[in-house]
file target.cif (mmCIF, C-alpha atoms)
data_run
loop_
_atom_site.label_atom_id
_atom_site.label_comp_id
_atom_site.auth_asym_id
_atom_site.auth_seq_id
_atom_site.Cartn_x
_atom_site.Cartn_y
_atom_site.Cartn_z
CA MET F 15 103.82 92.36 134.06
CA SER F 16 106.88 94.65 133.87
CA ASP F 17 108.78 97.11 131.71
CA SER F 18 110.58 95.48 128.78
CA PHE F 19 113.46 98.00 129.10
CA ASN F 20 114.23 101.30 130.80
CA THR F 21 112.18 104.07 129.22
CA ILE F 22 114.08 106.58 127.10
CA CYS F 23 112.58 110.05 127.47
CA GLY F 24 114.46 112.95 125.92
CA VAL F 25 113.27 116.50 125.39
CA GLY F 26 114.94 118.90 122.96
CA GLU F 27 118.65 118.17 122.57
CA HIS F 28 118.38 115.09 124.82
CA GLY F 29 116.06 113.52 122.23
CA ALA F 30 119.00 113.57 119.83
CA ILE F 31 120.89 111.10 122.06
CA VAL F 32 119.80 107.66 120.83
CA HIS F 33 119.86 105.87 124.21
CA TYR F 34 119.54 108.89 126.49
CA ALA F 35 119.08 108.25 130.20
CA ALA F 36 118.30 111.18 132.45
CA THR F 37 120.45 111.76 135.50
CA PRO F 38 119.96 114.35 138.24
CA GLU F 39 122.61 116.45 136.46
CA SER F 40 121.16 116.13 132.95
CA ASN F 41 117.49 116.20 133.90
CA ALA F 42 115.71 118.85 131.82
CA PRO F 43 112.28 120.44 132.18
CA LEU F 44 109.68 120.10 129.45
CA LEU F 45 109.77 123.35 127.50
CA ALA F 46 107.50 124.71 124.83
CA ASP F 47 108.49 124.82 121.18
CA THR F 48 110.59 121.67 121.11
CA LEU F 49 110.15 117.92 120.59
CA LEU F 50 109.74 115.17 123.17
CA LEU F 51 110.89 111.63 122.27
CA ILE F 52 109.60 108.72 124.39
CA ASP F 53 110.69 105.11 123.77
CA SER F 54 109.00 102.68 126.13
CA GLY F 55 107.82 99.11 126.33
CA ALA F 56 106.31 96.49 128.57
CA GLN F 57 106.05 92.76 129.05
CA TYR F 58 102.46 91.53 128.83
CA ARG F 59 101.25 87.94 129.10
CA THR F 60 100.27 88.20 125.42
CA GLY F 61 103.48 89.81 124.14
CA THR F 62 106.22 92.36 124.51
CA THR F 63 106.10 95.96 123.29
CA ASP F 64 108.70 98.49 122.15
CA ILE F 65 107.16 101.72 120.86
CA THR F 66 108.62 105.19 120.24
CA ARG F 67 106.68 108.39 119.69
CA THR F 68 107.82 111.94 119.13
CA THR F 69 105.51 114.75 120.20
CA ALA F 70 105.71 118.48 119.50
CA LEU F 71 105.49 120.61 122.62
CA GLY F 72 104.05 123.98 121.66
CA THR F 73 104.75 125.23 118.18
CA HIS F 74 107.12 123.51 115.80
CA THR F 75 109.41 124.90 113.12
CA PRO F 76 109.07 124.11 109.42
CA GLU F 77 112.31 122.06 109.75
CA MET F 78 110.82 119.97 112.58
CA LYS F 79 107.68 119.36 110.54
CA ARG F 80 109.68 118.35 107.45
CA ASP F 81 111.99 116.06 109.47
CA PHE F 82 109.04 114.41 111.23
CA THR F 83 107.32 113.85 107.88
CA LEU F 84 110.43 112.26 106.31
CA VAL F 85 110.77 109.84 109.24
CA LEU F 86 107.06 109.00 109.16
CA LYS F 87 107.12 108.39 105.40
CA GLY F 88 109.97 105.90 105.91
CA ASN F 89 108.05 104.13 108.66
CA ILE F 90 104.96 103.85 106.45
CA ALA F 91 106.99 102.62 103.45
CA LEU F 92 108.53 99.78 105.47
CA ASN F 93 105.22 98.96 107.11
CA ARG F 94 103.54 98.59 103.70
CA ALA F 95 106.31 96.41 102.22
CA ARG F 96 105.33 93.12 100.65
CA PHE F 97 108.21 90.85 99.73
CA PRO F 98 108.98 87.31 98.57
CA ALA F 99 110.12 84.44 100.76
CA GLY F 100 113.85 84.53 101.43
CA THR F 101 114.05 88.33 101.76
CA ARG F 102 116.55 89.60 104.33
CA GLY F 103 116.19 92.74 106.42
CA SER F 104 119.18 94.36 104.71
CA GLN F 105 117.19 94.26 101.46
CA LEU F 106 114.33 96.23 103.06
CA ASP F 107 116.29 98.82 105.06
CA VAL F 108 116.41 101.35 102.21
CA LEU F 109 112.61 101.58 102.25
CA ALA F 110 112.77 103.31 105.65
CA ARG F 111 115.75 105.52 104.76
CA GLN F 112 114.85 106.60 101.23
CA TYR F 113 113.07 109.87 102.09
CA LEU F 114 115.85 110.93 104.45
CA TRP F 115 118.52 110.03 101.88
CA GLU F 116 116.74 112.12 99.23
CA ASN F 117 117.37 115.07 101.57
CA GLY F 118 120.99 114.18 102.43
CA LEU F 119 120.02 112.82 105.87
CA THR F 120 120.32 109.48 107.66
CA TYR F 121 120.49 107.82 111.09
CA LEU F 122 123.29 105.63 112.40
CA HIS F 123 121.44 102.67 113.88
CA GLY F 124 119.46 99.73 112.59
CA THR F 125 115.92 100.18 111.39
CA GLY F 126 114.49 97.08 113.02
CA HIS F 127 115.23 94.34 115.55
CA GLY F 128 113.44 91.22 116.59
CA ILE F 129 111.26 91.47 119.67
CA GLY F 130 111.20 88.55 122.10
CA HIS F 131 108.35 87.57 124.40
CA PHE F 132 109.53 87.78 128.01
CA LEU F 133 113.05 87.65 126.63
CA ASN F 134 115.28 90.47 125.44
CA VAL F 135 113.34 93.23 123.74
CA HIS F 136 116.17 93.17 121.15
CA GLU F 137 115.85 89.54 120.15
CA GLY F 138 117.55 88.06 117.09
CA PRO F 139 118.30 86.58 114.80
CA GLN F 140 116.20 88.80 112.50
CA SER F 141 117.00 92.46 111.91
CA ILE F 142 116.45 95.26 109.43
CA ARG F 143 119.65 97.23 108.99
CA MET F 144 122.17 98.23 106.35
CA ASP F 145 124.64 95.58 107.59
CA GLU F 146 124.14 92.22 105.94
CA ASN F 147 122.38 89.63 108.09
CA PRO F 148 121.94 86.26 106.33
CA VAL F 149 118.73 85.47 108.25
CA ALA F 150 115.64 85.68 106.05
CA LEU F 151 112.51 87.23 107.50
CA GLN F 152 109.94 84.52 108.17
CA PRO F 153 106.15 84.69 108.62
CA GLY F 154 105.31 85.09 112.30
CA MET F 155 108.46 87.03 113.23
CA VAL F 156 107.83 90.25 115.16
CA ILE F 157 110.24 93.05 114.35
CA SER F 158 110.50 96.75 115.07
CA ASN F 159 110.20 99.47 112.43
CA GLU F 160 112.03 102.53 113.75
CA PRO F 161 113.43 105.05 111.30
CA ALA F 162 114.73 108.21 112.95
CA LEU F 163 116.56 111.49 112.60
CA TYR F 164 118.76 113.14 115.22
CA ARG F 165 119.85 116.78 115.05
CA THR F 166 122.65 117.08 117.58
CA GLY F 167 122.04 119.84 120.08
CA GLN F 168 118.47 120.36 118.84
CA TYR F 169 116.10 117.37 118.86
CA GLY F 170 115.52 113.75 117.90
CA ILE F 171 112.65 112.15 115.98
CA ARG F 172 111.89 108.41 115.97
CA THR F 173 108.66 106.66 115.09
CA GLU F 174 108.77 103.02 116.17
CA ASN F 175 106.09 100.43 115.65
CA MET F 176 106.15 96.68 115.89
CA ILE F 177 105.35 94.78 112.72
CA LEU F 178 104.47 91.18 112.04
CA VAL F 179 106.17 89.50 109.10
#

call {"tool": "encode", "arguments": {"input": "target.cif", "output": "structure tokens"}}
result
Amino acid sequence: MSDSFNTICGVGEHGAIVHYAATPESNAPLLADTLLLIDSGAQYRTGTTDITRTTALGTHTPEMKRDFTLVLKGNIALNRARFPAGTRGSQLDVLARQYLWENGLTYLHGTGHGIGHFLNVHEGPQSIRMDENPVALQPGMVISNEPALYRTGQYGIRTENMILV
């Protein structure tokens, strides 16, 4: 039916800007041997999407490969989580960050937000983040799972899926 938000598309160093928006002055060509981060979503009659993928253009460095793997491992760990009733997102956030933390790395945004249906794509009250949120995750809630890593001046990596509690 429509976009659920303005697409974020950053190549190379622009991918390291969390909510990058290209302008005629900052517009950059796609170049080989870097990473392309695309965060996009749409409103469908059956639901709303918010998905981020990072793609290697050309060859990638061992650091890019390691960073991508750490982010992906965090995404998988949170996706596989099984937890008791009454669990809050702040209790699950470390699952997505653990592999980055083991390597002295982190990201400075939440790991997950509620996703509305024809509402705001960032729809509360549920969230997964380090900050305490007293709202317990309930069966049927849809929430994003988006660990990331941003290397200022180089590239950004985010893998975002939507998960059903």

call {"tool": "atom_distance", "arguments": {"input": "target.cif", "atom1": "atom CA of F:Ser141", "atom2": "atom CA of F:Ile157"}}
result
7.2 Å

call {"tool": "resolve_selection", "arguments": {"input": "target.cif", "expression": "the PyMOL selection byres ((chain F and resi 50) around 9)", "output": "list of chain:residue names"}}
result
F:Cys23, F:Gly24, F:Val25, F:Gly26, F:His28, F:Gly29, F:Leu44, F:Thr48, F:Leu49, F:Leu51, F:Ile52, F:Arg67, F:Thr68, F:Thr69, F:Ala70, F:Leu71, F:Tyr169, F:Gly170, F:Ile171

call {"tool": "closest_residue", "arguments": {"input": "target.cif", "among": "F:Glu39, F:Glu137, F:Glu160, F:Asp17", "to": "F:Tyr58", "atoms": "only C-alpha atoms"}}
result
F:Asp17

call {"tool": "atom_distance", "arguments": {"input": "target.cif", "atom1": "atom CA of F:Val108", "atom2": "atom CA of F:Phe82"}}
result
17.5 Å

call {"tool": "closest_residue", "arguments": {"input": "target.cif", "among": "F:Thr62, F:Gly118, F:Thr37, F:Thr21", "to": "F:Asn134", "atoms": "all atoms listed in the file"}}
result
F:Thr62

call {"tool": "residues_near_point", "arguments": {"input": "target.cif", "point": "(100.9, 86.7, 111.1)", "cutoff": "8 Å", "atoms": "only C-alpha atoms", "output": "MDAnalysis selection string"}}
result
chainID F and resid 153:155 178:179

call {"tool": "closest_residue", "arguments": {"input": "target.cif", "among": "F:Val156, F:Asp47, F:Gln112, F:Asp53", "to": "F:Pro76", "atoms": "all atoms listed in the file"}}
result
F:Asp47

call {"tool": "closest_residue", "arguments": {"input": "target.cif", "among": "F:His33, F:His123, F:Arg143, F:Arg111", "to": "F:Val85", "atoms": "only C-alpha atoms"}}
result
F:Arg111

call {"tool": "resolve_selection", "arguments": {"input": "target.cif", "expression": "the PyMOL selection byres ((chain F and resi 97) around 12)", "output": "ChimeraX atom specification"}}
result
/F:92-96,98-103,105-106,109,150-153,179

call {"tool": "residues_around", "arguments": {"input": "target.cif", "residues": "F:Ser158", "least_positions_apart": "5", "cutoff": "7 Å", "atoms": "only C-alpha atoms", "output": "list in words"}}
result
Gly126, His127, Gly128, Glu174, Asn175, Met176 and Ile177 of chain F

call {"tool": "atom_distance", "arguments": {"input": "target.cif", "atom1": "atom CA of F:Thr125", "atom2": "atom CA of F:Ala110"}}
result
7.3 Å

call {"tool": "resolve_selection", "arguments": {"input": "target.cif", "expression": "the PyMOL selection byres ((chain F and resi 16) around 10)", "output": "PyMOL selection string"}}
result
chain F and resi 15+17-19+55-59+62+132

call {"tool": "closest_residue", "arguments": {"input": "target.cif", "among": "F:Asn159, F:Asn41, F:Asn147, F:Thr60", "to": "F:Arg172", "atoms": "all atoms listed in the file"}}
result
F:Asn159

call {"tool": "residues_around", "arguments": {"input": "target.cif", "residues": "F:Tyr113", "least_positions_apart": "2", "cutoff": "7 Å", "atoms": "only C-alpha atoms", "output": "PyMOL selection string"}}
result
chain F and resi 84+87-88+111+115-117

call {"tool": "closest_residue", "arguments": {"input": "target.cif", "among": "F:Ala162, F:Leu122, F:Ala35, F:Leu133", "to": "F:Asp145", "atoms": "only C-alpha atoms"}}
result
F:Leu122

call {"tool": "axis_aligned_box", "arguments": {"input": "target.cif", "around": "stretch 125-130 of chain F", "padding_each_side": "3 Å", "output": "lines of an AutoDock Vina configuration file"}}
result
center_x = 113.6
center_y = 94.4
center_z = 116.7
size_x = 10.7
size_y = 17.6
size_z = 16.7

call {"tool": "build_atoms", "arguments": {"input": "target.cif", "residues": "stretch 148-171 of chain F", "atoms": "N, CA and C atoms", "output": "mmCIF file, keeping the file's coordinate frame"}}
result
data_model
loop_
_atom_site.group_PDB
_atom_site.id
_atom_site.type_symbol
_atom_site.label_atom_id
_atom_site.label_comp_id
_atom_site.auth_asym_id
_atom_site.auth_seq_id
_atom_site.Cartn_x
_atom_site.Cartn_y
_atom_site.Cartn_z
ATOM 1 N N PRO F 148 122.401 87.319 107.228
ATOM 2 C CA PRO F 148 121.940 86.260 106.330
ATOM 3 C C PRO F 148 120.593 85.651 106.685
ATOM 4 N N VAL F 149 119.995 86.049 107.807
ATOM 5 C CA VAL F 149 118.730 85.470 108.250
ATOM 6 C C VAL F 149 117.572 86.074 107.473
ATOM 7 N N ALA F 150 116.827 85.217 106.789
ATOM 8 C CA ALA F 150 115.640 85.680 106.050
ATOM 9 C C ALA F 150 114.500 85.951 107.025
ATOM 10 N N LEU F 151 113.701 86.941 106.691
ATOM 11 C CA LEU F 151 112.510 87.230 107.500
ATOM 12 C C LEU F 151 111.471 86.161 107.212
ATOM 13 N N GLN F 152 110.883 85.626 108.280
ATOM 14 C CA GLN F 152 109.940 84.520 108.170
ATOM 15 C C GLN F 152 108.563 84.928 108.689
ATOM 16 N N PRO F 153 107.486 84.405 108.090
ATOM 17 C CA PRO F 153 106.150 84.690 108.620
ATOM 18 C C PRO F 153 106.083 84.371 110.106
ATOM 19 N N GLY F 154 105.458 85.270 110.858
ATOM 20 C CA GLY F 154 105.310 85.090 112.300
ATOM 21 C C GLY F 154 106.349 85.825 113.120
ATOM 22 N N MET F 155 107.463 86.256 112.489
ATOM 23 C CA MET F 155 108.460 87.030 113.230
ATOM 24 C C MET F 155 107.881 88.403 113.561
ATOM 25 N N VAL F 156 108.188 88.890 114.758
ATOM 26 C CA VAL F 156 107.830 90.250 115.160
ATOM 27 C C VAL F 156 109.111 91.066 115.146
ATOM 28 N N ILE F 157 109.052 92.224 114.525
ATOM 29 C CA ILE F 157 110.240 93.050 114.350
ATOM 30 C C ILE F 157 109.859 94.515 114.487
ATOM 31 N N SER F 158 110.795 95.320 114.949
ATOM 32 C CA SER F 158 110.500 96.750 115.070
ATOM 33 C C SER F 158 110.714 97.450 113.741
ATOM 34 N N ASN F 159 110.095 98.599 113.610
ATOM 35 C CA ASN F 159 110.200 99.470 112.430
ATOM 36 C C ASN F 159 110.442 100.855 113.017
ATOM 37 N N GLU F 160 111.717 101.316 113.021
ATOM 38 C CA GLU F 160 112.030 102.530 113.750
ATOM 39 C C GLU F 160 113.004 103.481 113.048
ATOM 40 N N PRO F 161 112.600 104.021 111.906
ATOM 41 C CA PRO F 161 113.430 105.050 111.300
ATOM 42 C C PRO F 161 113.493 106.280 112.212
ATOM 43 N N ALA F 162 114.524 107.088 112.027
ATOM 44 C CA ALA F 162 114.730 108.210 112.950
ATOM 45 C C ALA F 162 115.563 109.295 112.290
ATOM 46 N N LEU F 163 115.662 110.410 112.980
ATOM 47 C CA LEU F 163 116.560 111.490 112.600
ATOM 48 C C LEU F 163 116.954 112.219 113.871
ATOM 49 N N TYR F 164 118.260 112.476 114.025
ATOM 50 C CA TYR F 164 118.760 113.140 115.220
ATOM 51 C C TYR F 164 119.543 114.379 114.798
ATOM 52 N N ARG F 165 119.136 115.520 115.290
ATOM 53 C CA ARG F 165 119.850 116.780 115.050
ATOM 54 C C ARG F 165 120.553 117.149 116.345
ATOM 55 N N THR F 166 121.853 116.859 116.384
ATOM 56 C CA THR F 166 122.650 117.080 117.580
ATOM 57 C C THR F 166 122.466 118.491 118.121
ATOM 58 N N GLY F 167 122.223 118.556 119.415
ATOM 59 C CA GLY F 167 122.040 119.840 120.080
ATOM 60 C C GLY F 167 120.677 120.464 119.879
ATOM 61 N N GLN F 168 119.791 119.789 119.108
ATOM 62 C CA GLN F 168 118.470 120.360 118.840
ATOM 63 C C GLN F 168 117.334 119.431 119.264
ATOM 64 N N TYR F 169 117.202 118.278 118.583
ATOM 65 C CA TYR F 169 116.100 117.370 118.860
ATOM 66 C C TYR F 169 116.326 116.038 118.157
ATOM 67 N N GLY F 170 115.528 115.043 118.561
ATOM 68 C CA GLY F 170 115.520 113.750 117.900
ATOM 69 C C GLY F 170 114.085 113.384 117.531
ATOM 70 N N ILE F 171 113.960 112.619 116.453
ATOM 71 C CA ILE F 171 112.650 112.150 115.980
ATOM 72 C C ILE F 171 112.800 110.658 115.699
#
